[in-house]
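One structure below.
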Protein chains: 2
Amino acid sequence: MTEPHRVERHTRQRQVITAYMKAQAQFLTAQQVHDGLRELGDTVSLPTVYRTLTALVEAGDLDVRVSNNQSAYRHCSPHHHHHLVCRQCGRTIELADSPVEQWATAIANEHGFTDVDHTIEILGLCPACATLAPRC
Amino acid sequence: MTEPHRVERHTRQRQVITAYMKAQAQFLTAQQVHDGLRELGDTVSLPTVYRTLTALVEAGDLDVRVSNNQSAYRHCSPHHHHHLVCRQCGRTIELADSPVEQWATAIANEHGFTDVDHTIEILGLCPACATLAPRC
DNA sequence: CAGTTTCATGAGAATCATTATCAATTAGTC
DNA sequence: GACTAATTGATAATGATTCTCATGAAACTG
C-alpha cells in the first residue's frame with residue numbers, strides 16, 4: 001500500500017518556466033508565459049506550460065488569480081498569501097502578517113472548522129494609475 | 001451626451017432565476033441553475049441563465065466563486081462579502097464585520113491606493129465533513 | 001557507458017464553459 | 001391595440017484548458 005514513489009524530473013522546460021516566473025513581477029496567463037518564452041528562444045509547448053504552472057501552484061510556488069475566464073499565475077514568496085493589488089495595472093504588493101491571521105483562526109474555531117486556510121485580497125487603484133487614468 | 005436611458009424589463013425568466021437563487025443555500029453553476037429550473041418546470045435557456053446571473057452579480061445580489069474552471073453563483077446579503085466556506089461540501093457561513101475592514105483600509109491608504117475593495121475567504125473543513133470524510 | 005524503466009514532452013484533437021449572432025418574442029408605454 | 005426597444009432562445013462560435021498517445025529523455029542499474 002505504499003505509494004509507488006513518484007520521481008520528479010528536472011527537465012529543461014521546467015527550469016525555464018520556473019526561472020521565467022521568478023523573474024516576473026506580474027500575473028501572467030499560460031499563453032503569455034508561452035509567448036514570453038518563445039521570444040527568449042526557449043520554446044515550450046502550451047500544454048507543458050499549463051502542466052508546469054499547475055504543478056508549481058500545487059507546490060506553493062505560484063499564486064493563481066482568475067479573471068476574465070482566464071487563470072493568471074505569479075511567483076510568490078511562501079507563507080504570505082495576501083496581496084494589495086492594483087485593479088488597473090496589476091501592480092502587487094505583498095502584505096506581511098496581519099491581525100487577520102488570528103481573527104480567521106478564531107472565527108474558524110468558533111464554528112468548529114478545521115484544517116483552515118484563508119485568502120485575502122485587497123483591490124484598489126495604485127497612485128500611478130489614479131493620476132494617469134482618471135477614467136478608462 | 002446623455003445615456004440613452006436603458007429600461008430594465010421584468011421578465012418571467014428573471015423573476016424565476018432571482019427567486020431560485022434566493023432560495024438556494026449553495027453555490028451553483030449556471031448549468032446547475034438551468035437544470036434545477038427545468039426540474040421545477042420553469043425552463044430558461046442556458047444563455048439567458050448566464051446573462052441573468054452575470055447581471056445579478058453586477059447588481060451585487062450574487063457572489064461568484066470560481067473553481068474547476070467554472071463559475072458558481074450564490075445569493076448573498078449585500079455589504080457582507082466575507083465567507084467561511086467548507087472546502088468539502090461548500091457549506092457557507094456569512095461573516096459579519098471584522099477587524100479586517102479597518103486593517104484593509106489602513107493598509108491601502110498607507111500605500112496610496114484609492115477606491116479600495118477587498119475579498120476575504122476562509123476555507124476549512126466543517127464539523128460534519130471532518131467526521132464523515134477523514135480522507136477523500 | 002549501454003540498457004531499462006518511467007516520467008515528461010509536444011502535436012494535435014477533444015472538451016466544455018461561456019459568448020456572440022440574430023430572428024422571433026415580449027414588456028412597458030402611449 | 002399598436003409601437004419600440006429590450007429580451008429571449010436556438011444555434012453556432014470562441015477560446016481556455018485538458019486529453020491522447022507516440023516520441024524523447026531523465027534517472028537508475030549493473
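Ordering of the C-alpha cells sets the chain letters (A, B, ...), residue numbers begin anew at 1 in every chain, and ligands are numbered from 1 in the order given.
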Is it possible to see chain B as a compact mmCIF listing (two decimals) with N, CA and C atoms, in the first residue's frame, once it has been laid onto chain A by a least-squares fit on every C-alpha atom in order?
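The file below, superposed.txt, is the result:
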# COMPACT_ATOMS: atom_id res chain seq x y z
N MET B 1 0.80 -1.49 -0.42
CA MET B 1 0.03 -0.25 -0.35
C MET B 1 0.93 0.99 -0.33
N THR B 2 2.21 0.77 -0.52
CA THR B 2 3.09 1.95 -0.56
C THR B 2 2.97 2.63 -1.92
N GLU B 3 3.07 3.93 -1.92
CA GLU B 3 3.04 4.70 -3.16
C GLU B 3 4.18 4.25 -4.07
N PRO B 4 3.91 4.18 -5.35
CA PRO B 4 4.89 3.69 -6.33
C PRO B 4 6.16 4.54 -6.43
N HIS B 5 6.34 5.49 -5.56
CA HIS B 5 7.52 6.34 -5.58
C HIS B 5 7.69 7.07 -6.89
N ARG B 6 7.11 8.22 -6.92
CA ARG B 6 7.16 9.04 -8.13
C ARG B 6 8.37 9.96 -8.11
N VAL B 7 9.19 9.85 -9.14
CA VAL B 7 10.39 10.67 -9.22
C VAL B 7 10.12 11.92 -10.05
N GLU B 8 10.49 13.06 -9.50
CA GLU B 8 10.34 14.31 -10.21
C GLU B 8 11.56 14.54 -11.09
N ARG B 9 11.33 14.81 -12.34
CA ARG B 9 12.47 15.00 -13.22
C ARG B 9 12.77 16.46 -13.50
N HIS B 10 14.02 16.73 -13.65
CA HIS B 10 14.49 18.09 -13.84
C HIS B 10 14.69 18.35 -15.31
N THR B 11 13.68 18.83 -15.97
CA THR B 11 13.81 19.01 -17.42
C THR B 11 14.11 20.46 -17.77
N ARG B 12 14.56 20.64 -18.97
CA ARG B 12 14.85 22.00 -19.46
C ARG B 12 13.60 22.86 -19.31
N GLN B 13 12.48 22.32 -19.74
CA GLN B 13 11.25 23.09 -19.74
C GLN B 13 10.88 23.60 -18.35
N ARG B 14 11.02 22.71 -17.37
CA ARG B 14 10.67 23.12 -16.01
C ARG B 14 11.59 24.20 -15.49
N GLN B 15 12.86 24.02 -15.77
CA GLN B 15 13.81 25.03 -15.31
C GLN B 15 13.49 26.37 -15.93
N VAL B 16 13.26 26.35 -17.23
CA VAL B 16 13.00 27.58 -17.96
C VAL B 16 11.77 28.29 -17.42
N ILE B 17 10.70 27.53 -17.23
CA ILE B 17 9.47 28.14 -16.75
C ILE B 17 9.63 28.65 -15.33
N THR B 18 10.24 27.85 -14.48
CA THR B 18 10.44 28.27 -13.10
C THR B 18 11.25 29.56 -13.04
N ALA B 19 12.33 29.59 -13.80
CA ALA B 19 13.18 30.79 -13.80
C ALA B 19 12.40 31.99 -14.32
N TYR B 20 11.67 31.77 -15.39
CA TYR B 20 10.91 32.86 -15.99
C TYR B 20 9.92 33.45 -15.00
N MET B 21 9.20 32.59 -14.33
CA MET B 21 8.19 33.06 -13.38
C MET B 21 8.84 33.81 -12.23
N LYS B 22 9.98 33.35 -11.80
CA LYS B 22 10.65 34.03 -10.69
C LYS B 22 11.05 35.45 -11.07
N ALA B 23 11.36 35.63 -12.35
CA ALA B 23 11.83 36.94 -12.80
C ALA B 23 10.67 37.89 -13.09
N GLN B 24 9.46 37.36 -13.04
CA GLN B 24 8.30 38.14 -13.45
C GLN B 24 7.60 38.81 -12.27
N ALA B 25 7.23 40.06 -12.44
CA ALA B 25 6.59 40.78 -11.34
C ALA B 25 5.08 40.82 -11.48
N GLN B 26 4.60 40.41 -12.64
CA GLN B 26 3.17 40.51 -12.91
C GLN B 26 2.50 39.13 -12.93
N PHE B 27 1.21 39.15 -12.81
CA PHE B 27 0.45 37.93 -13.05
C PHE B 27 0.42 37.67 -14.54
N LEU B 28 0.73 36.46 -14.95
CA LEU B 28 0.76 36.12 -16.36
C LEU B 28 -0.09 34.89 -16.63
N THR B 29 -0.77 34.91 -17.76
CA THR B 29 -1.53 33.74 -18.17
C THR B 29 -0.59 32.73 -18.80
N ALA B 30 -1.06 31.51 -18.90
CA ALA B 30 -0.26 30.45 -19.50
C ALA B 30 0.17 30.87 -20.90
N GLN B 31 -0.74 31.46 -21.62
CA GLN B 31 -0.45 31.92 -22.97
C GLN B 31 0.68 32.95 -22.97
N GLN B 32 0.61 33.87 -22.05
CA GLN B 32 1.63 34.91 -21.97
C GLN B 32 3.00 34.32 -21.63
N VAL B 33 3.00 33.35 -20.75
CA VAL B 33 4.25 32.68 -20.41
C VAL B 33 4.81 32.00 -21.65
N HIS B 34 3.94 31.31 -22.33
CA HIS B 34 4.32 30.61 -23.56
C HIS B 34 4.93 31.59 -24.56
N ASP B 35 4.26 32.71 -24.79
CA ASP B 35 4.75 33.70 -25.73
C ASP B 35 6.07 34.31 -25.25
N GLY B 36 6.10 34.65 -23.97
CA GLY B 36 7.30 35.26 -23.41
C GLY B 36 8.52 34.37 -23.59
N LEU B 37 8.33 33.08 -23.35
CA LEU B 37 9.43 32.15 -23.51
C LEU B 37 9.88 32.07 -24.96
N ARG B 38 8.92 32.07 -25.84
CA ARG B 38 9.27 31.96 -27.25
C ARG B 38 10.13 33.14 -27.69
N GLU B 39 9.78 34.32 -27.15
CA GLU B 39 10.57 35.50 -27.49
C GLU B 39 12.01 35.37 -27.04
N LEU B 40 12.19 34.64 -25.96
CA LEU B 40 13.54 34.44 -25.45
C LEU B 40 14.23 33.28 -26.16
N GLY B 41 13.50 32.65 -27.07
CA GLY B 41 14.09 31.52 -27.79
C GLY B 41 13.92 30.20 -27.07
N ASP B 42 13.28 30.22 -25.90
CA ASP B 42 13.06 28.99 -25.15
C ASP B 42 11.67 28.45 -25.41
N THR B 43 11.51 27.73 -26.47
CA THR B 43 10.19 27.24 -26.82
C THR B 43 9.75 26.10 -25.90
N VAL B 44 8.55 26.26 -25.39
CA VAL B 44 7.93 25.21 -24.58
C VAL B 44 6.49 25.10 -25.05
N SER B 45 6.02 23.90 -25.24
CA SER B 45 4.66 23.73 -25.75
C SER B 45 3.64 24.24 -24.73
N LEU B 46 2.51 24.69 -25.25
CA LEU B 46 1.48 25.23 -24.38
C LEU B 46 0.99 24.22 -23.34
N PRO B 47 0.70 22.99 -23.74
CA PRO B 47 0.29 22.02 -22.74
C PRO B 47 1.31 21.88 -21.61
N THR B 48 2.57 21.88 -21.96
CA THR B 48 3.59 21.76 -20.93
C THR B 48 3.60 22.99 -20.03
N VAL B 49 3.38 24.15 -20.61
CA VAL B 49 3.31 25.35 -19.79
C VAL B 49 2.19 25.19 -18.77
N TYR B 50 1.04 24.75 -19.24
CA TYR B 50 -0.09 24.54 -18.33
C TYR B 50 0.27 23.53 -17.26
N ARG B 51 0.81 22.40 -17.67
CA ARG B 51 1.14 21.35 -16.71
C ARG B 51 2.11 21.88 -15.66
N THR B 52 3.12 22.59 -16.12
CA THR B 52 4.14 23.06 -15.19
C THR B 52 3.58 24.11 -14.24
N LEU B 53 2.82 25.05 -14.78
CA LEU B 53 2.26 26.09 -13.92
C LEU B 53 1.37 25.47 -12.85
N THR B 54 0.55 24.53 -13.27
CA THR B 54 -0.32 23.86 -12.31
C THR B 54 0.49 23.17 -11.22
N ALA B 55 1.55 22.51 -11.65
CA ALA B 55 2.41 21.82 -10.68
C ALA B 55 3.03 22.81 -9.71
N LEU B 56 3.47 23.95 -10.23
CA LEU B 56 4.11 24.95 -9.38
C LEU B 56 3.11 25.53 -8.38
N VAL B 57 1.87 25.67 -8.82
CA VAL B 57 0.85 26.16 -7.90
C VAL B 57 0.67 25.16 -6.77
N GLU B 58 0.58 23.89 -7.13
CA GLU B 58 0.40 22.86 -6.11
C GLU B 58 1.59 22.80 -5.15
N ALA B 59 2.74 23.13 -5.70
CA ALA B 59 3.93 23.12 -4.86
C ALA B 59 4.01 24.37 -3.98
N GLY B 60 3.10 25.31 -4.24
CA GLY B 60 3.08 26.52 -3.43
C GLY B 60 4.03 27.60 -3.91
N ASP B 61 4.58 27.42 -5.10
CA ASP B 61 5.52 28.42 -5.62
C ASP B 61 4.84 29.55 -6.36
N LEU B 62 3.63 29.29 -6.83
CA LEU B 62 2.90 30.31 -7.57
C LEU B 62 1.54 30.58 -6.95
N ASP B 63 1.06 31.78 -7.19
CA ASP B 63 -0.31 32.12 -6.84
C ASP B 63 -1.14 32.12 -8.11
N VAL B 64 -2.40 31.78 -8.00
CA VAL B 64 -3.29 31.87 -9.15
C VAL B 64 -4.29 32.98 -8.90
N ARG B 65 -4.75 33.51 -9.98
CA ARG B 65 -5.77 34.54 -9.87
C ARG B 65 -6.60 34.41 -11.12
N VAL B 66 -7.89 34.32 -10.97
CA VAL B 66 -8.75 34.13 -12.12
C VAL B 66 -9.43 35.44 -12.46
N SER B 67 -9.34 35.82 -13.72
CA SER B 67 -10.05 37.02 -14.13
C SER B 67 -10.31 36.92 -15.62
N ASN B 68 -11.53 37.24 -16.00
CA ASN B 68 -11.86 37.18 -17.41
C ASN B 68 -11.80 35.75 -17.94
N ASN B 69 -12.24 34.84 -17.14
CA ASN B 69 -12.22 33.43 -17.54
C ASN B 69 -10.83 32.95 -17.91
N GLN B 70 -9.86 33.45 -17.21
CA GLN B 70 -8.50 33.02 -17.48
C GLN B 70 -7.72 32.98 -16.18
N SER B 71 -6.90 31.96 -16.04
CA SER B 71 -6.05 31.91 -14.86
C SER B 71 -4.76 32.64 -15.14
N ALA B 72 -4.33 33.40 -14.16
CA ALA B 72 -3.05 34.07 -14.27
C ALA B 72 -2.18 33.64 -13.09
N TYR B 73 -0.91 33.50 -13.36
CA TYR B 73 0.00 32.94 -12.36
C TYR B 73 1.10 33.94 -12.03
N ARG B 74 1.54 33.86 -10.81
CA ARG B 74 2.61 34.77 -10.39
C ARG B 74 3.40 34.15 -9.26
N HIS B 75 4.71 34.34 -9.34
CA HIS B 75 5.58 33.86 -8.28
C HIS B 75 5.18 34.52 -6.97
N CYS B 76 5.30 33.81 -5.90
CA CYS B 76 5.02 34.41 -4.60
C CYS B 76 5.83 33.74 -3.52
N SER B 77 6.21 34.55 -2.58
CA SER B 77 6.97 33.98 -1.47
C SER B 77 6.04 33.16 -0.61
N PRO B 78 6.48 31.99 -0.20
CA PRO B 78 5.62 31.10 0.56
C PRO B 78 5.16 31.71 1.88
N HIS B 79 4.02 31.29 2.34
CA HIS B 79 3.48 31.66 3.65
C HIS B 79 2.89 33.06 3.74
N HIS B 80 3.08 33.87 2.73
CA HIS B 80 2.44 35.18 2.78
C HIS B 80 1.48 35.33 1.62
N HIS B 81 0.30 34.85 1.80
CA HIS B 81 -0.61 34.81 0.67
C HIS B 81 -1.60 35.96 0.61
N HIS B 82 -1.18 37.11 1.04
CA HIS B 82 -2.08 38.24 0.98
C HIS B 82 -1.50 39.34 0.12
N HIS B 83 -2.34 39.94 -0.67
CA HIS B 83 -1.85 40.91 -1.64
C HIS B 83 -2.68 42.19 -1.65
N LEU B 84 -2.00 43.24 -1.98
CA LEU B 84 -2.66 44.50 -2.29
C LEU B 84 -2.44 44.68 -3.79
N VAL B 85 -3.54 44.63 -4.54
CA VAL B 85 -3.42 44.61 -5.99
C VAL B 85 -4.08 45.82 -6.64
N CYS B 86 -3.41 46.37 -7.62
CA CYS B 86 -4.03 47.45 -8.39
C CYS B 86 -4.94 46.85 -9.45
N ARG B 87 -6.17 47.28 -9.43
CA ARG B 87 -7.14 46.65 -10.34
C ARG B 87 -6.91 47.10 -11.78
N GLN B 88 -6.11 48.13 -11.97
CA GLN B 88 -5.87 48.64 -13.31
C GLN B 88 -4.65 47.97 -13.93
N CYS B 89 -3.50 48.13 -13.29
CA CYS B 89 -2.26 47.66 -13.90
C CYS B 89 -1.80 46.33 -13.32
N GLY B 90 -2.43 45.89 -12.26
CA GLY B 90 -2.08 44.58 -11.72
C GLY B 90 -0.88 44.60 -10.78
N ARG B 91 -0.34 45.78 -10.57
CA ARG B 91 0.79 45.92 -9.65
C ARG B 91 0.43 45.29 -8.30
N THR B 92 1.32 44.52 -7.76
CA THR B 92 1.01 43.76 -6.56
C THR B 92 1.99 44.04 -5.44
N ILE B 93 1.46 44.20 -4.27
CA ILE B 93 2.30 44.38 -3.10
C ILE B 93 1.99 43.26 -2.12
N GLU B 94 3.01 42.52 -1.77
CA GLU B 94 2.78 41.44 -0.82
C GLU B 94 2.68 42.00 0.58
N LEU B 95 1.70 41.51 1.29
CA LEU B 95 1.49 42.03 2.63
C LEU B 95 2.01 41.05 3.67
N ALA B 96 2.68 41.60 4.63
CA ALA B 96 3.20 40.77 5.69
C ALA B 96 2.07 40.37 6.63
N ASP B 97 2.45 39.72 7.67
CA ASP B 97 1.50 39.28 8.68
C ASP B 97 0.53 40.38 9.08
N SER B 98 -0.65 39.98 9.46
CA SER B 98 -1.66 40.97 9.80
C SER B 98 -2.53 40.46 10.94
N PRO B 99 -3.33 41.34 11.49
CA PRO B 99 -4.26 40.92 12.55
C PRO B 99 -5.25 39.88 12.03
N VAL B 100 -5.36 39.82 10.71
CA VAL B 100 -6.35 38.93 10.12
C VAL B 100 -6.08 37.47 10.44
N GLU B 101 -4.82 37.11 10.45
CA GLU B 101 -4.43 35.72 10.69
C GLU B 101 -5.14 35.18 11.94
N GLN B 102 -4.97 35.92 13.01
CA GLN B 102 -5.55 35.46 14.27
C GLN B 102 -7.07 35.47 14.23
N TRP B 103 -7.58 36.55 13.66
CA TRP B 103 -9.03 36.67 13.58
C TRP B 103 -9.64 35.51 12.82
N ALA B 104 -9.02 35.18 11.68
CA ALA B 104 -9.52 34.09 10.84
C ALA B 104 -9.56 32.77 11.63
N THR B 105 -8.48 32.50 12.29
CA THR B 105 -8.41 31.27 13.07
C THR B 105 -9.45 31.25 14.17
N ALA B 106 -9.59 32.38 14.83
CA ALA B 106 -10.56 32.48 15.92
C ALA B 106 -11.97 32.22 15.42
N ILE B 107 -12.34 32.90 14.36
CA ILE B 107 -13.67 32.75 13.77
C ILE B 107 -13.92 31.30 13.39
N ALA B 108 -12.95 30.70 12.75
CA ALA B 108 -13.10 29.32 12.30
C ALA B 108 -13.33 28.39 13.49
N ASN B 109 -12.54 28.55 14.51
CA ASN B 109 -12.69 27.72 15.72
C ASN B 109 -14.08 27.89 16.30
N GLU B 110 -14.48 29.13 16.39
CA GLU B 110 -15.79 29.48 16.92
C GLU B 110 -16.91 28.67 16.26
N HIS B 111 -16.75 28.42 14.95
CA HIS B 111 -17.78 27.69 14.21
C HIS B 111 -17.44 26.22 14.05
N GLY B 112 -16.40 25.78 14.71
CA GLY B 112 -16.06 24.36 14.67
C GLY B 112 -15.38 23.91 13.40
N PHE B 113 -14.91 24.87 12.62
CA PHE B 113 -14.21 24.51 11.38
C PHE B 113 -12.77 24.10 11.68
N THR B 114 -12.31 23.11 10.92
CA THR B 114 -10.94 22.66 11.10
C THR B 114 -10.18 22.76 9.79
N ASP B 115 -8.89 22.50 9.86
CA ASP B 115 -8.07 22.47 8.64
C ASP B 115 -8.26 23.76 7.86
N VAL B 116 -8.09 24.85 8.56
CA VAL B 116 -8.49 26.15 8.03
C VAL B 116 -7.39 26.87 7.26
N ASP B 117 -7.81 27.53 6.21
CA ASP B 117 -6.92 28.34 5.39
C ASP B 117 -7.69 29.60 5.01
N HIS B 118 -7.00 30.62 4.58
CA HIS B 118 -7.77 31.79 4.17
C HIS B 118 -7.08 32.59 3.07
N THR B 119 -7.88 33.34 2.38
CA THR B 119 -7.39 34.18 1.30
C THR B 119 -7.87 35.60 1.55
N ILE B 120 -6.98 36.54 1.37
CA ILE B 120 -7.38 37.93 1.50
C ILE B 120 -6.81 38.68 0.33
N GLU B 121 -7.61 39.50 -0.24
CA GLU B 121 -7.11 40.30 -1.35
C GLU B 121 -7.70 41.69 -1.26
N ILE B 122 -6.83 42.65 -1.28
CA ILE B 122 -7.29 44.03 -1.26
C ILE B 122 -7.08 44.61 -2.65
N LEU B 123 -8.16 45.08 -3.23
CA LEU B 123 -8.12 45.64 -4.57
C LEU B 123 -8.26 47.15 -4.49
N GLY B 124 -7.50 47.84 -5.31
CA GLY B 124 -7.64 49.28 -5.34
C GLY B 124 -6.98 49.86 -6.56
N LEU B 125 -6.83 51.16 -6.56
CA LEU B 125 -6.19 51.86 -7.66
C LEU B 125 -4.87 52.39 -7.13
N CYS B 126 -3.77 51.96 -7.74
CA CYS B 126 -2.47 52.41 -7.25
C CYS B 126 -2.26 53.88 -7.61
N PRO B 127 -1.38 54.58 -6.92
CA PRO B 127 -1.18 56.02 -7.14
C PRO B 127 -0.94 56.34 -8.61
N ALA B 128 -0.09 55.57 -9.27
CA ALA B 128 0.23 55.82 -10.68
C ALA B 128 -1.03 55.80 -11.54
N CYS B 129 -1.80 54.74 -11.42
CA CYS B 129 -3.01 54.60 -12.23
C CYS B 129 -4.05 55.65 -11.87
N ALA B 130 -4.09 56.02 -10.63
CA ALA B 130 -5.09 57.00 -10.19
C ALA B 130 -4.87 58.33 -10.90
N THR B 131 -3.62 58.72 -11.11
CA THR B 131 -3.34 59.99 -11.78
C THR B 131 -3.43 59.86 -13.30
N LEU B 132 -2.92 58.75 -13.81
CA LEU B 132 -2.88 58.57 -15.25
C LEU B 132 -4.24 58.32 -15.87
N ALA B 133 -5.07 57.60 -15.17
CA ALA B 133 -6.35 57.19 -15.76
C ALA B 133 -7.54 57.52 -14.88
N PRO B 134 -7.92 58.79 -14.88
CA PRO B 134 -9.05 59.20 -14.05
C PRO B 134 -10.31 58.42 -14.41
N ARG B 135 -10.40 58.06 -15.66
CA ARG B 135 -11.57 57.29 -16.08
C ARG B 135 -11.20 56.52 -17.34
N CYS B 136 -11.32 55.22 -17.28
CA CYS B 136 -10.96 54.39 -18.43
C CYS B 136 -12.20 53.80 -19.07
Tell me, counting only C-alpha atoms (C1' of nucleotides), for each residue of chain D within 12 Å of chain B, which pair of atoms is nearest and how far apart they are in Å to one decimal, in rows ordered by chain and increasing number, as a tab-separated table.
residue	atom	partner	partner_atom	distance
D:DT4	C1'	B:Val7	CA	11.9
D:DA5	C1'	B:Val7	CA	8.8
D:DA6	C1'	B:Arg9	CA	7.0
D:DT7	C1'	B:Arg9	CA	8.0
D:DT8	C1'	B:Thr48	CA	7.0
D:DG9	C1'	B:Ser45	CA	6.1
D:DA10	C1'	B:Ser45	CA	9.0
D:DT11	C1'	B:Pro47	CA	11.1
D:DA16	C1'	B:Asn69	CA	9.1
D:DT17	C1'	B:Asn69	CA	8.3
D:DT18	C1'	B:Asn69	CA	11.2
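For DC1 in chain C, the set of protein, DNA and RNA residues having any atom at most 12 Å away, when counting only C-alpha atoms (C1' of nucleotides) and skipping those fewer than 2 positions along the same chain, is DG3 of chain C; DT29 and DG30 of chain D.
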Those of chain B in DSSP helix (DSSP H, G or I), formatted as a ChimeraX atom specification: /B:12-23,30-39,46-58,99-110,127-132
Keeping only C-alpha atoms, take the residues you just selected and write them out as a short mmCIF file (atom, residue, chain, number, x, y, z; two decimals), in the first residue's frame.
data_model
loop_
_atom_site.label_atom_id
_atom_site.label_comp_id
_atom_site.auth_asym_id
_atom_site.auth_seq_id
_atom_site.Cartn_x
_atom_site.Cartn_y
_atom_site.Cartn_z
CA ARG B 12 -40.60 35.71 -16.29
CA GLN B 13 -37.10 34.36 -16.68
CA ARG B 14 -35.54 36.97 -14.46
CA GLN B 15 -38.09 36.52 -11.76
CA VAL B 16 -37.70 32.78 -11.83
CA ILE B 17 -33.93 32.89 -11.65
CA THR B 18 -33.86 35.54 -8.96
CA ALA B 19 -36.33 33.62 -6.83
CA TYR B 20 -34.48 30.37 -7.36
CA MET B 21 -31.16 31.83 -6.32
CA LYS B 22 -32.65 33.38 -3.22
CA ALA B 23 -33.96 30.01 -2.14
CA ALA B 30 -25.09 28.24 -14.45
CA GLN B 31 -25.65 24.71 -15.65
CA GLN B 32 -26.98 23.62 -12.28
CA VAL B 33 -29.35 26.57 -12.15
CA HIS B 34 -30.54 25.70 -15.63
CA ASP B 35 -31.13 22.07 -14.66
CA GLY B 36 -32.73 22.98 -11.35
CA LEU B 37 -35.20 25.26 -13.06
CA ARG B 38 -36.07 22.66 -15.62
CA GLU B 39 -36.91 20.21 -12.86
CA LEU B 46 -28.76 28.45 -20.82
CA PRO B 47 -27.60 31.71 -22.42
CA THR B 48 -30.30 33.56 -20.53
CA VAL B 49 -29.24 31.90 -17.31
CA TYR B 50 -25.72 33.13 -17.91
CA ARG B 51 -26.87 36.61 -18.83
CA THR B 52 -29.10 36.88 -15.80
CA LEU B 53 -26.56 35.53 -13.34
CA THR B 54 -23.96 37.93 -14.64
CA ALA B 55 -26.39 40.80 -14.31
CA LEU B 56 -27.25 39.79 -10.76
CA VAL B 57 -23.58 39.68 -9.86
CA GLU B 58 -23.10 43.17 -11.22
CA PRO B 99 -11.24 43.85 12.34
CA VAL B 100 -10.17 43.21 8.78
CA GLU B 101 -12.27 46.03 7.37
CA GLN B 102 -10.27 48.68 9.14
CA TRP B 103 -6.97 46.97 8.60
CA ALA B 104 -7.58 46.69 4.87
CA THR B 105 -8.42 50.35 4.56
CA ALA B 106 -5.43 51.35 6.64
CA ILE B 107 -3.02 49.26 4.60
CA ALA B 108 -4.41 50.59 1.36
CA ASN B 109 -4.09 54.20 2.49
CA GLU B 110 -0.57 53.54 3.66
CA PRO B 127 -17.51 19.66 11.56
CA ALA B 128 -19.83 17.39 9.56
CA CYS B 129 -17.33 16.74 6.80
CA ALA B 130 -14.48 16.35 9.24
CA THR B 131 -16.18 13.35 10.87
CA LEU B 132 -17.74 11.87 7.77
#
Residue hits in chain C, query chain B, radius 12 Å, only C-alpha atoms (C1' of nucleotides), as JSON, numbers by chain: {"C": [16, 17, 18, 19, 20, 25, 26, 27, 28, 29]}
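Rounded to one decimal, C1' of DC3 in chain D and C1' of DA23 in chain C lie 18.5 Å from each other.
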Separation of C1' of DA13 in chain D from C1' of DG12 in chain C in Å: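 Distance between the two atoms: 20.2 Å.
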Residue list (strand (DSSP E), DSSP) for chain B, as a VMD selection string: chain B and resid 28 to 29 62 to 66 71 to 75 82 to 86 92 to 94 114 to 125
